[in-house]
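Dumped structure14.cif below, it's mmCIF, C-alpha atoms:
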data_target
loop_
_atom_site.group_PDB
_atom_site.id
_atom_site.type_symbol
_atom_site.label_atom_id
_atom_site.label_comp_id
_atom_site.auth_asym_id
_atom_site.auth_seq_id
_atom_site.Cartn_x
_atom_site.Cartn_y
_atom_site.Cartn_z
ATOM 1 C CA MET J 920 113.108 108.355 22.001
ATOM 2 C CA LYS J 921 112.169 105.892 24.734
ATOM 3 C CA ASN J 922 113.372 108.345 27.397
ATOM 4 C CA LEU J 923 111.189 111.057 25.893
ATOM 5 C CA GLY J 924 108.159 108.757 26.090
ATOM 6 C CA ASN J 925 108.905 108.012 29.737
ATOM 7 C CA LEU J 926 109.304 111.717 30.453
ATOM 8 C CA VAL J 927 105.923 112.472 28.857
ATOM 9 C CA LYS J 928 104.255 109.723 30.903
ATOM 10 C CA GLN J 929 105.848 111.039 34.087
ATOM 11 C CA ALA J 930 104.660 114.580 33.287
ATOM 12 C CA GLN J 931 101.120 113.287 32.704
ATOM 13 C CA ARG J 932 101.163 111.475 36.071
ATOM 14 C CA MET J 933 102.424 114.616 37.798
ATOM 15 C CA LYS J 934 99.716 116.704 36.145
ATOM 16 C CA ALA J 935 97.030 114.281 37.316
ATOM 17 C CA GLU J 936 98.468 114.266 40.843
ATOM 18 C CA MET J 937 98.636 118.084 40.860
ATOM 19 C CA GLU J 938 94.981 118.307 39.844
ATOM 20 C CA LYS J 939 94.060 115.840 42.600
ATOM 21 C CA ILE J 940 95.968 117.884 45.199
ATOM 22 C CA GLN J 941 94.299 121.104 44.032
ATOM 23 C CA GLU J 942 90.859 119.475 44.350
ATOM 24 C CA GLU J 943 91.683 118.208 47.841
ATOM 25 C CA ALA J 944 92.956 121.642 48.884
ATOM 26 C CA ALA J 945 89.813 123.295 47.504
ATOM 27 C CA ALA J 946 87.747 121.172 49.876
ATOM 28 C CA LYS J 947 89.738 122.347 52.905
ATOM 29 C CA ARG J 948 88.946 125.509 54.858
ATOM 30 C CA VAL J 949 91.129 128.024 56.671
ATOM 31 C CA GLU J 950 90.011 130.883 58.915
ATOM 32 C CA GLY J 951 91.446 134.348 59.245
ATOM 33 C CA THR J 952 90.445 136.528 62.161
ATOM 34 C CA ALA J 953 90.725 140.150 63.231
ATOM 35 C CA GLY J 954 89.733 142.143 66.275
ATOM 36 C CA GLY J 955 90.330 139.243 68.630
ATOM 37 C CA GLY J 956 87.889 137.039 66.742
ATOM 38 C CA MET J 957 85.218 139.711 66.260
ATOM 39 C CA VAL J 958 85.482 139.174 62.493
ATOM 40 C CA THR J 959 86.271 135.813 60.898
ATOM 41 C CA VAL J 960 86.724 135.125 57.194
ATOM 42 C CA VAL J 961 86.760 131.548 55.901
ATOM 43 C CA CYS J 962 88.567 130.689 52.655
ATOM 44 C CA ASN J 963 88.945 127.458 50.760
ATOM 45 C CA GLY J 964 92.214 126.090 49.415
ATOM 46 C CA ARG J 965 91.612 127.854 46.110
ATOM 47 C CA GLY J 966 91.847 131.215 47.835
ATOM 48 C CA GLU J 967 88.137 131.936 47.554
ATOM 49 C CA VAL J 968 86.271 133.589 50.422
ATOM 50 C CA VAL J 969 83.409 131.252 51.329
ATOM 51 C CA GLU J 970 82.111 132.743 54.580
ATOM 52 C CA VAL J 971 82.265 135.903 56.702
ATOM 53 C CA LYS J 972 81.283 135.892 60.385
ATOM 54 C CA ILE J 973 80.800 139.135 62.310
ATOM 55 C CA ASP J 974 80.240 139.365 66.044
ATOM 56 C CA ARG J 975 77.030 141.286 66.789
ATOM 57 C CA GLU J 976 78.912 143.669 69.084
ATOM 58 C CA VAL J 977 80.825 145.098 66.094
ATOM 59 C CA ALA J 978 77.792 145.668 63.892
ATOM 60 C CA GLY J 979 76.755 149.029 65.372
ATOM 61 C CA PRO J 980 76.231 151.959 62.961
ATOM 62 C CA ASP J 981 78.949 154.006 64.691
ATOM 63 C CA ASP J 982 81.502 151.232 64.119
ATOM 64 C CA LEU J 983 81.144 150.892 60.341
ATOM 65 C CA GLU J 984 84.663 152.079 59.480
ATOM 66 C CA MET J 985 86.243 149.811 62.096
ATOM 67 C CA LEU J 986 84.144 146.884 60.866
ATOM 68 C CA GLN J 987 85.309 147.438 57.296
ATOM 69 C CA ASP J 988 88.940 147.481 58.442
ATOM 70 C CA LEU J 989 88.438 144.280 60.440
ATOM 71 C CA ILE J 990 86.872 142.512 57.432
ATOM 72 C CA VAL J 991 89.834 143.457 55.234
ATOM 73 C CA ALA J 992 92.315 142.299 57.891
ATOM 74 C CA ALA J 993 90.506 138.989 58.450
ATOM 75 C CA ALA J 994 90.197 138.367 54.697
ATOM 76 C CA ASN J 995 93.902 138.995 54.170
ATOM 77 C CA ASP J 996 94.726 136.646 57.057
ATOM 78 C CA ALA J 997 92.517 133.903 55.603
ATOM 79 C CA LEU J 998 93.894 134.360 52.081
ATOM 80 C CA ARG J 999 97.467 134.132 53.373
ATOM 81 C CA LYS J 1000 96.595 130.888 55.164
ATOM 82 C CA SER J 1001 94.909 129.598 52.022
ATOM 83 C CA ARG J 1002 98.094 130.208 49.986
ATOM 84 C CA GLU J 1003 100.152 128.474 52.682
ATOM 85 C CA LEU J 1004 97.796 125.489 52.588
ATOM 86 C CA LEU J 1005 98.130 125.125 48.823
ATOM 87 C CA THR J 1006 101.916 125.496 49.036
ATOM 88 C CA GLN J 1007 102.050 122.703 51.627
ATOM 89 C CA GLU J 1008 99.799 120.458 49.570
ATOM 90 C CA MET J 1009 101.836 121.054 46.402
ATOM 91 C CA GLY J 1010 105.010 120.374 48.388
ATOM 92 C CA ARG J 1011 103.852 116.777 48.685
ATOM 93 C CA LEU J 1012 104.058 116.503 44.911
ATOM 94 C CA THR J 1013 107.206 118.503 44.302
ATOM 95 C CA GLY J 1014 109.111 117.487 47.446
ATOM 96 C CA GLY J 1015 111.867 115.540 45.742
ATOM 97 C CA LEU J 1016 112.094 117.578 42.566
ATOM 98 C CA GLY J 1017 114.011 120.552 43.954
ATOM 99 C CA LEU J 1018 111.727 123.091 42.275
ATOM 100 C CA PRO J 1019 111.975 126.699 43.472
ATOM 101 C CA PRO J 1020 109.198 127.907 45.829
ATOM 102 C CA GLY J 1021 106.236 129.486 44.053
ATOM 103 C CA LEU J 1022 106.921 127.793 40.701
ATOM 104 C CA LEU J 1023 103.615 125.934 40.867
#

Write out the structure in this file as structure tokens.
Amino acid sequence: MKNLGNLVKQAQRMKAEMEKIQEEAAAKRVEGTAGGGMVTVVCNGRGEVVEVKIDREVAGPDDLEMLQDLIVAAANDALRKSRELLTQEMGRLTGGLGLPPGLL
């Protein structure tokens, strides 16, 4: 029974550490770009889009379809980087546990 108590305490510590890492990651920002930097999307570590920057040269009425494609590409780039950031941050916690990638 003592081992079970220790296991529960360890799980509680890991949960608290995981929450701390998620909060820290949420405060970080990653940028995804498309069109050679003409469109930039900024995401936080939670995978939320927090900012979109568009170069004035792309904002012409004849370029609407291209602009939409660039926004999607930049958003996907930023979201991928956001997932990578969270995976790295969680790796600090799970490094020695041998858990399979993507479990957390």

With 8 Å as the threshold, what does the neighbourhood of (90.4, 128.2, 45.8) contain in terms of residues, counting all atoms listed in the file? Coordinates are those of the file; answer as a tab-separated table (two decimals) with C-alpha atoms, in the coordinates of the input.
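Below is the file that was written, out_6.tsv:
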chain	number	residue	atom	x	y	z
J	944	ALA	CA	92.96	121.64	48.88
J	945	ALA	CA	89.81	123.30	47.50
J	962	CYS	CA	88.57	130.69	52.66
J	963	ASN	CA	88.94	127.46	50.76
J	964	GLY	CA	92.21	126.09	49.42
J	965	ARG	CA	91.61	127.85	46.11
J	966	GLY	CA	91.85	131.22	47.84
J	967	GLU	CA	88.14	131.94	47.55
J	1001	SER	CA	94.91	129.60	52.02

Taking into account only C-alpha atoms, which residue in the set J:Gly924, J:Gly954, J:Pro980, J:Gly1010 is nearest to Asp996 in chain J?
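The answer is J:Gly954, which sits nearest to Asp996 in chain J.
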
Would you compute the distance between CA of Leu1005 in chain J and CA of Gly951 in chain J? Give it in Å to one decimal.
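CA of Gly951 in chain J lies 15.4 Å from CA of Leu1005 in chain J.
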
Excluding range 927-933 of chain J and any residue of its chain fewer than 5 positions from it, enumerate the residues within 10 Å of it, using all atoms listed in the file, and give them as an MDAnalysis selection string.
chainID J and resid 921:922 938:939 1012:1013

Do you have the CA of Ile940 in chain J-CA of Thr1006 in chain J distance handy?
10.4 Å

Check which residues satisfy the PyMOL selection byres ((chain J and resi 957) around 7) in the file shown, then give them as a PyMOL selection string.
chain J and resi 953-956+958-959+973-974+977

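Reported to one decimal place, the separation of CA of Leu926 in chain J from CA of Glu942 in chain J is 24.4 Å.
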
Selection result of the PyMOL selection byres ((chain J and resi 994) around 9) on this file, as a short mmCIF file (atom, residue, chain, number, x, y, z; two decimals) with C-alpha atoms, in the coordinates of the input:
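Printed below is selection.cif as written:
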data_model
loop_
_atom_site.label_atom_id
_atom_site.label_comp_id
_atom_site.auth_asym_id
_atom_site.auth_seq_id
_atom_site.Cartn_x
_atom_site.Cartn_y
_atom_site.Cartn_z
CA GLU J 950 90.01 130.88 58.92
CA GLY J 951 91.45 134.35 59.24
CA THR J 952 90.44 136.53 62.16
CA ALA J 953 90.72 140.15 63.23
CA THR J 959 86.27 135.81 60.90
CA VAL J 960 86.72 135.12 57.19
CA VAL J 961 86.76 131.55 55.90
CA CYS J 962 88.57 130.69 52.66
CA VAL J 968 86.27 133.59 50.42
CA VAL J 971 82.26 135.90 56.70
CA LEU J 989 88.44 144.28 60.44
CA ILE J 990 86.87 142.51 57.43
CA VAL J 991 89.83 143.46 55.23
CA ALA J 992 92.32 142.30 57.89
CA ALA J 993 90.51 138.99 58.45
CA ASN J 995 93.90 139.00 54.17
CA ASP J 996 94.73 136.65 57.06
CA ALA J 997 92.52 133.90 55.60
CA LEU J 998 93.89 134.36 52.08
CA ARG J 999 97.47 134.13 53.37
#

Nearest residue to Glu1008 in chain J out of J:Glu943, J:Arg975, J:Asp988, J:Lys934, using only C-alpha atoms?
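Of the candidates, the smallest distance to Glu1008 in chain J is held by J:Glu943.
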
Under the rule that all atoms listed in the file are counted, which of J:Asn925, J:Gly979, J:Val969, J:Met985 is the nearest residue to Val949 in chain J?
J:Val969

Given the choices J:Arg948, J:Met1009, J:Leu923, J:Leu986, which gets closest to Glu970 in chain J if the distance is worked out from all atoms listed in the file?
J:Arg948

Write range 986-1018 of chain J as a CSV table (one decimal), in the coordinates of the input, completed to N, CA and C atoms.
chain,number,residue,atom,x,y,z
J,986,LEU,N,84.6,148.2,61.4
J,986,LEU,CA,84.1,146.9,60.9
J,986,LEU,C,84.7,146.6,59.5
J,987,GLN,N,84.7,147.6,58.6
J,987,GLN,CA,85.3,147.4,57.3
J,987,GLN,C,86.8,147.1,57.4
J,988,ASP,N,87.5,147.8,58.3
J,988,ASP,CA,88.9,147.5,58.4
J,988,ASP,C,89.2,146.1,59.0
J,989,LEU,N,88.3,145.6,59.9
J,989,LEU,CA,88.4,144.3,60.4
J,989,LEU,C,88.2,143.2,59.4
J,990,ILE,N,87.2,143.5,58.5
J,990,ILE,CA,86.9,142.5,57.4
J,990,ILE,C,88.1,142.4,56.5
J,991,VAL,N,88.7,143.5,56.1
J,991,VAL,CA,89.8,143.5,55.2
J,991,VAL,C,91.0,142.7,55.9
J,992,ALA,N,91.2,143.0,57.2
J,992,ALA,CA,92.3,142.3,57.9
J,992,ALA,C,92.1,140.8,58.0
J,993,ALA,N,90.8,140.4,58.3
J,993,ALA,CA,90.5,139.0,58.4
J,993,ALA,C,90.6,138.3,57.1
J,994,ALA,N,90.1,139.0,56.0
J,994,ALA,CA,90.2,138.4,54.7
J,994,ALA,C,91.6,138.2,54.3
J,995,ASN,N,92.5,139.1,54.5
J,995,ASN,CA,93.9,139.0,54.2
J,995,ASN,C,94.6,137.9,55.0
J,996,ASP,N,94.2,137.7,56.2
J,996,ASP,CA,94.7,136.6,57.1
J,996,ASP,C,94.3,135.3,56.5
J,997,ALA,N,93.0,135.2,56.1
J,997,ALA,CA,92.5,133.9,55.6
J,997,ALA,C,93.1,133.6,54.2
J,998,LEU,N,93.3,134.6,53.4
J,998,LEU,CA,93.9,134.4,52.1
J,998,LEU,C,95.4,133.9,52.2
J,999,ARG,N,96.1,134.5,53.1
J,999,ARG,CA,97.5,134.1,53.4
J,999,ARG,C,97.5,132.7,53.8
J,1000,LYS,N,96.6,132.3,54.7
J,1000,LYS,CA,96.6,130.9,55.2
J,1000,LYS,C,96.2,129.9,54.0
J,1001,SER,N,95.3,130.4,53.2
J,1001,SER,CA,94.9,129.6,52.0
J,1001,SER,C,96.1,129.3,51.1
J,1002,ARG,N,96.9,130.4,50.8
J,1002,ARG,CA,98.1,130.2,50.0
J,1002,ARG,C,99.1,129.3,50.6
J,1003,GLU,N,99.3,129.4,52.0
J,1003,GLU,CA,100.2,128.5,52.7
J,1003,GLU,C,99.7,127.0,52.6
J,1004,LEU,N,98.4,126.8,52.7
J,1004,LEU,CA,97.8,125.5,52.6
J,1004,LEU,C,98.1,124.9,51.2
J,1005,LEU,N,97.9,125.6,50.2
J,1005,LEU,CA,98.1,125.1,48.8
J,1005,LEU,C,99.6,124.9,48.6
J,1006,THR,N,100.5,125.7,49.2
J,1006,THR,CA,101.9,125.5,49.0
J,1006,THR,C,102.3,124.2,49.7
J,1007,GLN,N,101.8,123.9,50.9
J,1007,GLN,CA,102.0,122.7,51.6
J,1007,GLN,C,101.6,121.5,50.8
J,1008,GLU,N,100.4,121.6,50.3
J,1008,GLU,CA,99.8,120.5,49.6
J,1008,GLU,C,100.6,120.2,48.3
J,1009,MET,N,101.0,121.2,47.6
J,1009,MET,CA,101.8,121.1,46.4
J,1009,MET,C,103.2,120.5,46.8
J,1010,GLY,N,103.7,120.9,47.9
J,1010,GLY,CA,105.0,120.4,48.4
J,1010,GLY,C,105.1,118.9,48.5
J,1011,ARG,N,103.9,118.2,48.7
J,1011,ARG,CA,103.9,116.8,48.7
J,1011,ARG,C,104.2,116.3,47.3
J,1012,LEU,N,103.8,116.9,46.3
J,1012,LEU,CA,104.1,116.5,44.9
J,1012,LEU,C,105.5,116.8,44.5
J,1013,THR,N,105.9,118.0,44.8
J,1013,THR,CA,107.2,118.5,44.3
J,1013,THR,C,108.4,118.3,45.3
J,1014,GLY,N,108.1,117.7,46.4
J,1014,GLY,CA,109.1,117.5,47.4
J,1014,GLY,C,110.5,117.1,47.0
J,1015,GLY,N,110.6,116.1,46.2
J,1015,GLY,CA,111.9,115.5,45.7
J,1015,GLY,C,112.4,116.1,44.5
J,1016,LEU,N,111.7,117.1,43.9
J,1016,LEU,CA,112.1,117.6,42.6
J,1016,LEU,C,113.0,118.8,42.7
J,1017,GLY,N,113.1,119.4,43.8
J,1017,GLY,CA,114.0,120.6,44.0
J,1017,GLY,C,113.6,121.8,43.2
J,1018,LEU,N,112.2,121.9,43.0
J,1018,LEU,CA,111.7,123.1,42.3
J,1018,LEU,C,111.7,124.3,43.2
